[in-house]
Structure formats: structure tokens, C-alpha cells
Amino acid sequence: MSFQERKRKILNILEEFDQLSVAEISEKIAVSPATVRRDLKDLDAQGLLQRTHGGAIKQETQKFTGFHQKKNVSESKKQLIAKLAADQVKPGDTLFMDCGSTVFAMCSYLKKIKFLKIITNSLPVIAELMNCPDISINLIGGELDQARRAVHGQMALEHIHHYHAPKAFIGTDGFSIKKGLTSNTELEASITKAFCINADQVYLLCDSSKIERNAYVQSVSLSQITYLITDTPPAPAVLNELSVMGTITLSGEKD
């Protein structure tokens, strides 16, 4: 198979899956891992994809999709996960909420719960909940990321470390048993770490397409996750490993 043929196949499968490991690409296009690594290096140099440790990310993903674009992806899955997550919230709770679009989808359900305190770096969460009389909001300060409509940076981290919340609701760009949670940017990874450090229970909202996928930057280990909330149950081997680590899995479909 020529490089041009391999190039077309690699870009096509990344278009479908967003990110893959070298081993996954090797299996899907039936060439050796060594050949895949060389091809990824060349395609990265051409600006057609972004190499990661052990694989590649679709170029559009690495540039990351803006909040409103992400908000409309897999909307039915997001709503299912968001409803399951909101069911874990009780009147009077204090919550960390990150800037992920699935976490944002919780807002419509949280409006029905009284006396909440929400600490967040997400401008869409603020906009959605700021007029709710029974919800008080603590907006994290720092540098504004216009594409993600979120606040990041060192000042944001210092802000988070001044607070404690019984529950944190976070998203992720990928997670695997081996690498834990992974993000497409260092800024998002650092916010995730800070929320996890300062919360008693961490709820990971993650659709099934991200399970056993690795993004660019490692953020936190799975042992720090109290609950995984997803649309369909992970594979039995993954469920078993999560159980061993003490992570409880909640999903829209029963195993």
C-alpha cells in the first residue's frame, strides 16, 4: 500500500473516531505500527493531524471545537448523562461544575433544585443559571478562553483552591484504564485536577465514545473518580477495573 493510500485511510478513520492509538490505526489499515508511526510523523508535519503520545488526534479536534459546536454533538447522549448526573444533586448542595458541554446540559435539571451553590469557570453555565433565585453562583476568575467560553489560568486555579465542594461534575476528552482522564489542553487538565483535589466526590460525565480513548494531556487518575456517568456501560473488563478502583458506574442502559 502506498503512502498516499495509507494517508487517505488514516485521515478517514480519524474523521470517524477523532483520536486513535498507533495500535488501533495499525489494526484498522492493516500495516505495521512502525509504518503508522512514520506516517503520523509525516502527516503531522503536513498539518493534517496532531500526533500525541502513542497515537494521533484529528486536526480539528486538536484545535478544539468551540463550545457551541460541541454543545450540538451527540445531544441525546448528553441529555441522558446530564439527567443521570442531576439526579445525584440534592437541595442545599455545593457543586463544582466545569466548562464541558455535557456538564452544561445539567443546567436545565438543576433549575428545579433549591438552594444550590455552584462554583464554575463556565460562562454558559453562568448565563443559564444566573437568574435562578434559588441558586447562588461563584464565578471563577482568570483568563478568558473565548472559544470554550470558559475561564482558565493560574488565577483560576488559585481561586478554586480557596473553596471546597462536596461534589464536582467534570467532563473529559478521553479516559482509559491505563492513562486515566486526558484532556486536549494543559489548561483544561489543570482545572480538572483542581476540582478533583477540592471535592469530596467527583462525578465524571463521559459519553461512551470517549471510553478507552486517550487525548493529549493526562489530568487525573481514575482512582480519584467517585462516579462515572455515561450513556452505555463500558466493556466488562473496564467495568471490573473501575470497580476495583472504587469507581461506581451509572449509565442509561443496564449491563
# chains A, B, ... in the order shown; residues from 1 in each chain; ligands from 1
call {"tool": "closest_atom_pairs", "arguments": {"of": "region 16-39 of chain A", "to": "region 192-216 of chain A", "cutoff": "10 Å", "atoms": "only C-alpha atoms", "output": "Markdown table"}}
result
| residue | atom | partner | partner_atom | distance |
| --- | --- | --- | --- | --- |
| A:Phe17 | CA | A:Ser209 | CA | 8.2 |
| A:Asp18 | CA | A:Arg213 | CA | 9.6 |
| A:Gln19 | CA | A:Arg213 | CA | 7.1 |
| A:Leu20 | CA | A:Arg213 | CA | 6.9 |
| A:Ser21 | CA | A:Asn214 | CA | 7.8 |
call {"tool": "select_by_dssp", "arguments": {"residues": "region 55-248 of chain A", "states": "helix (DSSP H, G or I)", "output": "MDAnalysis selection string"}}
result
chainID A and resid 59:62 67:71 75:86 101:104 107:110 123:129 154:160 186:197 208:210 222:224 236:245
call {"tool": "closest_residue", "arguments": {"among": "A:Ala150, A:Cys107, A:Ile81, A:Ala156", "to": "Thr232 (chain A)", "atoms": "only C-alpha atoms"}}
result
A:Ile81
call {"tool": "atom_distance", "arguments": {"atom1": "CA of Asp173 (chain A)", "atom2": "CA of Leu80 (chain A)"}}
result
18.0 Å
call {"tool": "select_by_dssp", "arguments": {"residues": "region 89-164 of chain A", "states": "strand (DSSP E or B)", "output": "MDAnalysis selection string"}}
result
chainID A and resid 94:97 116:120 122 135:139 143:145 150:152
call {"tool": "write_last_selection", "arguments": {"atoms": "N, CA and C atoms", "output": "tab-separated table (two decimals), in the first residue's frame"}}
result
chain	number	residue	atom	x	y	z
A	94	THR	N	-23.40	22.08	47.37
A	94	THR	CA	-22.42	22.97	46.73
A	94	THR	C	-21.69	22.16	45.67
A	95	LEU	N	-21.60	22.69	44.45
A	95	LEU	CA	-21.07	21.94	43.32
A	95	LEU	C	-19.95	22.69	42.62
A	96	PHE	N	-18.90	22.00	42.24
A	96	PHE	CA	-18.00	22.47	41.19
A	96	PHE	C	-18.58	22.00	39.87
A	97	MET	N	-18.61	22.87	38.85
A	97	MET	CA	-19.03	22.48	37.51
A	97	MET	C	-18.01	23.02	36.51
A	116	LEU	N	-28.96	25.71	45.80
A	116	LEU	CA	-27.66	25.22	45.33
A	116	LEU	C	-26.64	26.35	45.34
A	117	LYS	N	-25.37	25.96	45.58
A	117	LYS	CA	-24.24	26.86	45.38
A	117	LYS	C	-23.37	26.23	44.31
A	118	ILE	N	-23.08	27.02	43.27
A	118	ILE	CA	-22.32	26.50	42.14
A	118	ILE	C	-21.06	27.32	41.93
A	119	ILE	N	-19.93	26.62	41.89
A	119	ILE	CA	-18.63	27.24	41.63
A	119	ILE	C	-18.20	26.76	40.25
A	120	THR	N	-18.00	27.68	39.31
A	120	THR	CA	-17.75	27.25	37.93
A	120	THR	C	-16.85	28.22	37.17
A	122	SER	N	-17.37	28.21	33.80
A	122	SER	CA	-18.12	28.17	32.55
A	122	SER	C	-19.05	29.36	32.41
A	135	ILE	N	-30.45	29.61	43.31
A	135	ILE	CA	-29.10	29.15	43.01
A	135	ILE	C	-28.13	30.32	43.16
A	136	SER	N	-27.10	30.14	43.99
A	136	SER	CA	-26.05	31.16	44.09
A	136	SER	C	-24.84	30.68	43.30
A	137	ILE	N	-24.16	31.64	42.66
A	137	ILE	CA	-23.08	31.29	41.73
A	137	ILE	C	-21.79	31.99	42.12
A	138	ASN	N	-20.73	31.21	42.11
A	138	ASN	CA	-19.37	31.72	42.35
A	138	ASN	C	-18.60	31.57	41.04
A	139	LEU	N	-18.35	32.68	40.35
A	139	LEU	CA	-17.64	32.64	39.06
A	139	LEU	C	-16.14	32.67	39.30
A	143	GLU	N	-8.12	34.06	33.10
A	143	GLU	CA	-8.05	34.38	31.67
A	143	GLU	C	-9.23	33.78	30.92
A	144	LEU	N	-9.84	34.57	30.06
A	144	LEU	CA	-10.99	34.11	29.29
A	144	LEU	C	-10.55	33.39	28.02
A	145	ASP	N	-11.06	32.17	27.83
A	145	ASP	CA	-10.89	31.42	26.59
A	145	ASP	C	-12.18	31.62	25.79
A	150	ALA	N	-14.89	29.91	28.64
A	150	ALA	CA	-14.53	29.46	29.97
A	150	ALA	C	-13.33	30.26	30.47
A	151	VAL	N	-13.11	30.18	31.78
A	151	VAL	CA	-12.00	30.88	32.42
A	151	VAL	C	-10.95	29.86	32.85
A	152	HIS	N	-9.69	30.15	32.51
A	152	HIS	CA	-8.59	29.25	32.83
A	152	HIS	C	-7.43	30.05	33.41
